[in-house]
Amino acid sequence: APDRLWVADLTYVKTHTDWVYVAFIIDVYSRFIVGWQASRSLRSDLAIDALEMAIDLRSPAPGLLHHSDRGVQYAAHAFQGLLEQHGIECSMSRKGDCWDNAVAESFFSTLKAELVHRNDYVSRGQARASVFEYIEGFYNGRRRHSALGYVSPVEHETAAARHGDAVAARRGAA
């Protein structure tokens, strides 16, 4: 079901002068990017801002499981406090085991292959705008996923909501 398991990680995007660091959170149910943030710094604020975006967008019920690697951004007291404040359970990968976060790693691969490696970013602003356009304009709404029966994250969630409404209507008619 939506908002039961989120996975998070961060990656780097090279520009002519430096790097842009991108943190993101994916709802495993639909592969929807529920939160993301880009920054010139790897400080814990990067992960916190992505988490705050996800919480604002989805208002998850207590008990949601948030999985990440053991990076300092996710182990930071402020990040852990935000999870606790919203009743979100923390899960972290085993030390040195990237397979624990395979959904996030798969998104990295997709982002890099379909966007980052096809562009030559002059500035951080250009890279950030490109990532924004990819996630908000393409990935969530139009990119099809084999794990979802070749529909986009938005289509998957919309179909699930319609199905849930139909089930509730049938229960109400009984």
# chains A, B, ... in the order shown; residues from 1 in each chain; ligands from 1
call {"tool": "select_by_dssp", "arguments": {"residues": "chain A", "states": "strand (DSSP E)", "output": "ChimeraX atom specification"}}
result
/A:5-14,19-27,32-39,65-68,89-92
call {"tool": "write_last_selection", "arguments": {"atoms": "C-alpha atoms", "output": "PDB file, in the first residue's frame"}}
result
ATOM      1  CA  LEU A   5       7.783   1.801   2.926  1.00  0.00           C
ATOM      2  CA  TRP A   6       9.928   4.662   1.716  1.00  0.00           C
ATOM      3  CA  VAL A   7      13.554   4.264   0.633  1.00  0.00           C
ATOM      4  CA  ALA A   8      16.026   7.129   0.562  1.00  0.00           C
ATOM      5  CA  ASP A   9      19.505   7.844  -0.664  1.00  0.00           C
ATOM      6  CA  LEU A  10      21.573  10.533  -2.298  1.00  0.00           C
ATOM      7  CA  THR A  11      23.715  10.881  -5.363  1.00  0.00           C
ATOM      8  CA  TYR A  12      26.036  13.360  -7.057  1.00  0.00           C
ATOM      9  CA  VAL A  13      25.665  15.292 -10.309  1.00  0.00           C
ATOM     10  CA  LYS A  14      28.818  16.826 -11.785  1.00  0.00           C
ATOM     11  CA  TRP A  19      28.917  19.006  -7.736  1.00  0.00           C
ATOM     12  CA  VAL A  20      25.210  19.058  -6.970  1.00  0.00           C
ATOM     13  CA  TYR A  21      24.110  16.568  -4.344  1.00  0.00           C
ATOM     14  CA  VAL A  22      20.606  15.145  -4.746  1.00  0.00           C
ATOM     15  CA  ALA A  23      18.680  13.421  -1.959  1.00  0.00           C
ATOM     16  CA  PHE A  24      15.451  11.635  -2.736  1.00  0.00           C
ATOM     17  CA  ILE A  25      12.779   9.481  -1.146  1.00  0.00           C
ATOM     18  CA  ILE A  26      10.830   6.858  -3.105  1.00  0.00           C
ATOM     19  CA  ASP A  27       7.540   5.221  -2.120  1.00  0.00           C
ATOM     20  CA  PHE A  32       6.777   7.699  -6.847  1.00  0.00           C
ATOM     21  CA  ILE A  33       9.465  10.181  -5.782  1.00  0.00           C
ATOM     22  CA  VAL A  34       7.677  11.630  -2.754  1.00  0.00           C
ATOM     23  CA  GLY A  35      10.480  13.962  -1.696  1.00  0.00           C
ATOM     24  CA  TRP A  36      13.740  15.248  -3.081  1.00  0.00           C
ATOM     25  CA  GLN A  37      16.179  18.084  -2.676  1.00  0.00           C
ATOM     26  CA  ALA A  38      19.328  19.307  -4.410  1.00  0.00           C
ATOM     27  CA  SER A  39      22.142  21.185  -2.679  1.00  0.00           C
ATOM     28  CA  LEU A  65       9.100   2.499   7.490  1.00  0.00           C
ATOM     29  CA  HIS A  66      11.873   4.768   6.170  1.00  0.00           C
ATOM     30  CA  HIS A  67      14.876   2.835   4.835  1.00  0.00           C
ATOM     31  CA  SER A  68      18.256   4.307   3.942  1.00  0.00           C
ATOM     32  CA  GLU A  89      10.231   3.983  11.857  1.00  0.00           C
ATOM     33  CA  CYS A  90      13.887   4.030  10.868  1.00  0.00           C
ATOM     34  CA  SER A  91      15.529   1.175   8.974  1.00  0.00           C
ATOM     35  CA  MET A  92      19.130   1.253   7.781  1.00  0.00           C
TER      36      MET A  92
END
call {"tool": "select_by_dssp", "arguments": {"residues": "region 19-172 of chain A", "states": "alpha helix (DSSP H)", "output": "PyMOL selection string"}}
result
chain A and resi 44-58+72-75+77-85+102-114+124-132+153-172
call {"tool": "closest_residue", "arguments": {"among": "A:Ser109, A:Gln80, A:Gln73, A:Ser30", "to": "Thr158 (chain A)", "atoms": "only C-alpha atoms"}}
result
A:Ser30
call {"tool": "closest_residue", "arguments": {"among": "A:Ser41, A:Thr17, A:Asn101, A:Asn140", "to": "Asp69 (chain A)", "atoms": "only C-alpha atoms"}}
result
A:Asn101
call {"tool": "atom_distance", "arguments": {"atom1": "CA of Phe132 (chain A)", "atom2": "CA of Gln85 (chain A)"}}
result
27.8 Å
call {"tool": "residues_around", "arguments": {"residues": "Tyr121 (chain A)", "least_positions_apart": "4", "cutoff": "9 Å", "atoms": "only C-alpha atoms", "output": "VMD selection string"}}
result
chain A and resid 13 to 16 116 125 to 127 130
